[in-house]
Amino acid sequence: YIQNLRKLFMIGFYFSYTYDLTLSRLARVTKKSSDPRFSWNTYLCKELTAQSVDRKWIVPLIQGYVGHFSVYLMGKKLDYFIISRRSSYRSGTRFNARGIDDNGNVANYVETEQITCYNSFTCSHVQIRGSVPVFWGQRGITATMRITRNYEYTNAAFLKHIDYINATYGKVLAVNLMSLTKTGEQMITDAFEEHVKRNDLPTLRYEFFDFHYACRKQRFDKVNPLIKKILPVAENMKFTVEDKRGTLLLSQKGVIRTNCVDCL
C-alpha cells in the first residue's frame, strides 16, 4: 500500500521552492497567493494558511507536467518551458469523472502554459482543455455515454463555467474535437451546442472540428484548415510579455478552450 502511494506521487507531481507552479506568468502579476485550483496540497496546508504562516513555508504541489529545453539562437540562449496544471476540482479517474458539476468545474481541466525566455524578455501563452461542460457520464470504456441532466437543469452550471473562464482569461474560443460518426459523442456535442445557441454569449466563439475523421490514417496535416480559420482569433488574443525587470509589457486577452472526449 505504501509502495503504491509512493509510486503515485513520483509520477506527474511537481513542486518548486522558488517558483509558484500554480500560477501562470500573467497570474503572478495579479495574484498574491497560489491558485487553489491547481494546488493539490491545499487541504494539507490549510492550518498553516489559517495561521497566516509565511508563504515560504508553504510549497504548492501541482499535478501535470513540467518540461524545459535550451537552444542557442543567433548566439543567444533561448529557454523554453511548458507547464501543464491539472485542476484539483472535479478530479477523478478517466471514466469516473466526466462532464461538469454544479459549481461549473469540469473533469480533466488542464491549463497549459508555454514560456519562452530570450534576449531579456519572457513570453508566455496559455491554453486550457477540459471535459464538455454538460452533465454526462460513462462507467467504462465499453459503456454507453449518456446525458444525465437536460438543458434546464444544466444551464446554470454551464454559465458558471463560461463566466469563470471569462473572469480568469477573457474571451474564449471553444474548439470541440469530438466525432460526428460516434452516436455518444454526437449526443454530447448536440447538448454542448444547444447551450451555446440558446445563451447570449458575446465573449464566446464556438468551433467544431471532427478531428478523428478529418485526420484519419495519421493525416494530421488535415487540421491545417482549422488552424488557418482560428488563427486571426488566436492572434487577437495576444500573449504575455515581460522585460528583464518583470515589467508587464503585453497581456494575453483571451484563451482557447479545447475538448475531445477524454481531454487527457
# chains A, B, ... in the order shown; residues from 1 in each chain; ligands from 1

$ select_by_dssp --residues "range 93-183 of chain A" --states "helix (DSSP H, G or I)" --output "PyMOL selection string"
chain A and resi 151-169+183

$ closest_atom_pairs --of "range 103-125 of chain A" --to "range 222-243 of chain A" --cutoff "7 Å" --atoms "only C-alpha atoms" --output "CSV"
residue,atom,partner,partner_atom,distance
A:Ser120,CA,A:Asp243,CA,6.1
A:Phe121,CA,A:Asp243,CA,4.6
A:Thr122,CA,A:Glu242,CA,5.2
A:Cys123,CA,A:Val241,CA,4.5
A:Ser124,CA,A:Thr240,CA,5.0
A:His125,CA,A:Phe239,CA,5.2

$ write_last_selection --atoms "C-alpha atoms" --output "CSV table (one decimal), in the first residue's frame"
chain,number,residue,atom,x,y,z
A,120,SER,CA,16.0,39.7,-21.7
A,121,PHE,CA,12.3,39.1,-22.5
A,122,THR,CA,9.9,36.4,-21.2
A,123,CYS,CA,6.9,35.5,-23.3
A,124,SER,CA,4.0,33.3,-22.1
A,125,HIS,CA,0.9,31.8,-23.8

$ residues_around --residues "range 201-209 of chain A" --least-positions-apart "5" --cutoff "6 Å" --atoms "only C-alpha atoms" --output "PyMOL selection string"
chain A and resi 171-177

$ closest_atom_pairs --of "range 60-140 of chain A" --to "range 39-56 of chain A" --cutoff "9 Å" --atoms "only C-alpha atoms" --output "CSV"
residue,atom,partner,partner_atom,distance
A:Pro60,CA,A:Ser39,CA,5.5
A:Leu61,CA,A:Ser39,CA,5.4
A:Ile62,CA,A:Ser39,CA,5.3
A:Gln63,CA,A:Trp40,CA,7.0
A:Arg85,CA,A:Ser39,CA,8.8
A:Arg86,CA,A:Ser39,CA,8.9
A:Ser87,CA,A:Ser39,CA,7.8
A:Ser88,CA,A:Trp40,CA,5.9

$ write_last_selection --atoms "all heavy atoms" --output "short mmCIF file (atom, residue, chain, number, x, y, z; two decimals), in the first residue's frame"
data_model
loop_
_atom_site.label_atom_id
_atom_site.label_comp_id
_atom_site.auth_asym_id
_atom_site.auth_seq_id
_atom_site.Cartn_x
_atom_site.Cartn_y
_atom_site.Cartn_z
N PRO A 60 3.36 24.82 -2.80
CA PRO A 60 2.25 24.19 -3.54
C PRO A 60 2.73 23.07 -4.45
O PRO A 60 3.80 23.14 -5.05
CB PRO A 60 1.66 25.36 -4.34
CG PRO A 60 2.78 26.33 -4.48
CD PRO A 60 3.60 26.21 -3.23
N LEU A 61 1.90 22.06 -4.54
CA LEU A 61 2.19 20.88 -5.35
C LEU A 61 1.21 20.83 -6.50
O LEU A 61 0.00 20.94 -6.30
CB LEU A 61 2.03 19.62 -4.47
CG LEU A 61 2.30 18.26 -5.10
CD1 LEU A 61 3.80 18.05 -5.25
CD2 LEU A 61 1.71 17.17 -4.21
N ILE A 62 1.71 20.69 -7.72
CA ILE A 62 0.82 20.58 -8.88
C ILE A 62 0.85 19.16 -9.43
O ILE A 62 1.83 18.43 -9.26
CB ILE A 62 1.15 21.58 -10.00
CG1 ILE A 62 2.48 21.23 -10.70
CG2 ILE A 62 1.14 23.01 -9.50
CD1 ILE A 62 2.69 21.93 -12.03
N GLN A 63 -0.24 18.78 -10.10
CA GLN A 63 -0.26 17.55 -10.88
C GLN A 63 -0.30 17.94 -12.35
O GLN A 63 -1.06 18.82 -12.74
CB GLN A 63 -1.47 16.68 -10.56
CG GLN A 63 -1.43 15.34 -11.28
CD GLN A 63 -2.70 14.53 -11.12
OE1 GLN A 63 -3.78 15.08 -11.02
NE2 GLN A 63 -2.56 13.22 -11.11
N ARG A 85 -0.97 22.29 -15.77
CA ARG A 85 -1.50 22.24 -14.41
C ARG A 85 -2.90 21.63 -14.46
O ARG A 85 -3.81 22.23 -15.03
CB ARG A 85 -1.59 23.65 -13.83
CG ARG A 85 -0.32 24.47 -13.98
CD ARG A 85 -0.55 25.93 -13.64
NE ARG A 85 0.69 26.70 -13.69
CZ ARG A 85 1.08 27.41 -14.73
NH1 ARG A 85 0.31 27.49 -15.80
NH2 ARG A 85 2.23 28.05 -14.69
N ARG A 86 -3.09 20.49 -13.86
CA ARG A 86 -4.40 19.86 -13.82
C ARG A 86 -5.16 20.36 -12.60
O ARG A 86 -4.61 20.44 -11.50
CB ARG A 86 -4.28 18.35 -13.77
CG ARG A 86 -5.63 17.64 -13.88
CD ARG A 86 -5.49 16.15 -13.72
NE ARG A 86 -6.79 15.50 -13.82
CZ ARG A 86 -7.05 14.29 -13.36
NH1 ARG A 86 -6.10 13.61 -12.75
NH2 ARG A 86 -8.25 13.77 -13.48
N SER A 87 -6.43 20.70 -12.80
CA SER A 87 -7.24 21.21 -11.70
C SER A 87 -7.52 20.11 -10.67
O SER A 87 -7.77 18.96 -11.03
CB SER A 87 -8.56 21.77 -12.22
OG SER A 87 -9.39 22.16 -11.15
N SER A 88 -7.49 20.49 -9.40
CA SER A 88 -7.83 19.55 -8.33
C SER A 88 -9.33 19.50 -8.10
O SER A 88 -9.83 18.66 -7.34
CB SER A 88 -7.13 19.96 -7.02
OG SER A 88 -7.54 21.25 -6.62
#

$ closest_residue --among "A:Ser16, A:Asn259, A:Thr116, A:Gln3" --to "Phe69 in chain A" --atoms "only C-alpha atoms"
A:Thr116

$ atom_distance --atom1 "CA of Arg139 in chain A" --atom2 "CA of Asn96 in chain A"
6.4 Å

$ residues_around --residues "Gly64 in chain A" --least-positions-apart "5" --cutoff "8 Å" --atoms "only C-alpha atoms" --output "ChimeraX atom specification"
/A:12-14,83-86

$ decode --residues "range 136-168 of chain A" --atoms "N, CA and C atoms" --output "short mmCIF file (atom, residue, chain, number, x, y, z; two decimals), in the first residue's frame"
data_model
loop_
_atom_site.label_atom_id
_atom_site.label_comp_id
_atom_site.auth_asym_id
_atom_site.auth_seq_id
_atom_site.Cartn_x
_atom_site.Cartn_y
_atom_site.Cartn_z
N TRP A 136 -22.84 14.64 -18.09
CA TRP A 136 -22.84 13.39 -18.82
C TRP A 136 -21.93 12.38 -18.13
N GLY A 137 -22.10 11.12 -18.45
CA GLY A 137 -21.31 10.10 -17.79
C GLY A 137 -21.07 8.90 -18.67
N GLN A 138 -20.12 8.07 -18.22
CA GLN A 138 -19.76 6.83 -18.91
C GLN A 138 -19.03 5.97 -17.89
N ARG A 139 -19.52 4.79 -17.59
CA ARG A 139 -18.97 4.00 -16.50
C ARG A 139 -17.82 3.09 -16.90
N GLY A 140 -17.44 3.04 -18.15
CA GLY A 140 -16.33 2.20 -18.58
C GLY A 140 -16.08 2.38 -20.06
N ILE A 141 -14.98 1.82 -20.56
CA ILE A 141 -14.58 2.06 -21.94
C ILE A 141 -15.60 1.51 -22.93
N THR A 142 -16.33 0.48 -22.55
CA THR A 142 -17.33 -0.09 -23.46
C THR A 142 -18.75 0.38 -23.13
N ALA A 143 -18.88 1.16 -22.07
CA ALA A 143 -20.20 1.61 -21.64
C ALA A 143 -20.72 2.72 -22.54
N THR A 144 -22.03 2.83 -22.62
CA THR A 144 -22.66 3.86 -23.43
C THR A 144 -22.60 5.22 -22.73
N MET A 145 -22.24 6.24 -23.46
CA MET A 145 -22.29 7.60 -22.91
C MET A 145 -23.73 8.03 -22.75
N ARG A 146 -24.01 8.81 -21.71
CA ARG A 146 -25.38 9.26 -21.53
C ARG A 146 -25.41 10.66 -20.92
N ILE A 147 -26.37 11.43 -21.33
CA ILE A 147 -26.63 12.74 -20.73
C ILE A 147 -27.43 12.52 -19.45
N THR A 148 -26.97 13.08 -18.34
CA THR A 148 -27.63 12.81 -17.06
C THR A 148 -28.54 13.94 -16.60
N ARG A 149 -28.48 15.11 -17.25
CA ARG A 149 -29.42 16.19 -16.95
C ARG A 149 -29.76 16.93 -18.23
N ASN A 150 -31.00 17.41 -18.32
CA ASN A 150 -31.41 18.12 -19.52
C ASN A 150 -30.92 19.58 -19.48
N TYR A 151 -31.27 20.30 -20.52
CA TYR A 151 -30.80 21.69 -20.67
C TYR A 151 -31.16 22.55 -19.46
N GLU A 152 -32.40 22.49 -19.01
CA GLU A 152 -32.87 23.37 -17.93
C GLU A 152 -32.10 23.13 -16.64
N TYR A 153 -31.72 21.88 -16.36
CA TYR A 153 -31.02 21.57 -15.12
C TYR A 153 -29.49 21.64 -15.26
N THR A 154 -29.04 21.99 -16.44
CA THR A 154 -27.60 22.09 -16.71
C THR A 154 -27.14 23.53 -16.91
N ASN A 155 -28.02 24.37 -17.42
CA ASN A 155 -27.60 25.68 -17.91
C ASN A 155 -26.92 26.55 -16.85
N ALA A 156 -27.39 26.51 -15.61
CA ALA A 156 -26.78 27.33 -14.56
C ALA A 156 -25.31 26.95 -14.36
N ALA A 157 -25.02 25.66 -14.34
CA ALA A 157 -23.63 25.21 -14.18
C ALA A 157 -22.81 25.56 -15.41
N PHE A 158 -23.40 25.40 -16.59
CA PHE A 158 -22.71 25.76 -17.84
C PHE A 158 -22.29 27.23 -17.83
N LEU A 159 -23.21 28.11 -17.44
CA LEU A 159 -22.91 29.55 -17.41
C LEU A 159 -21.86 29.88 -16.36
N LYS A 160 -21.86 29.17 -15.23
CA LYS A 160 -20.81 29.38 -14.22
C LYS A 160 -19.44 29.06 -14.81
N HIS A 161 -19.38 27.99 -15.60
CA HIS A 161 -18.12 27.59 -16.21
C HIS A 161 -17.62 28.66 -17.19
N ILE A 162 -18.50 29.13 -18.05
CA ILE A 162 -18.11 30.16 -19.02
C ILE A 162 -17.76 31.46 -18.32
N ASP A 163 -18.53 31.85 -17.31
CA ASP A 163 -18.25 33.08 -16.56
C ASP A 163 -16.88 33.00 -15.89
N TYR A 164 -16.55 31.82 -15.37
CA TYR A 164 -15.25 31.66 -14.72
C TYR A 164 -14.11 31.83 -15.72
N ILE A 165 -14.25 31.23 -16.90
CA ILE A 165 -13.21 31.37 -17.92
C ILE A 165 -13.08 32.83 -18.34
N ASN A 166 -14.20 33.51 -18.53
CA ASN A 166 -14.16 34.93 -18.91
C ASN A 166 -13.46 35.76 -17.85
N ALA A 167 -13.78 35.51 -16.58
CA ALA A 167 -13.20 36.29 -15.49
C ALA A 167 -11.70 36.02 -15.34
N THR A 168 -11.29 34.81 -15.66
CA THR A 168 -9.89 34.42 -15.47
C THR A 168 -9.02 34.76 -16.68
#
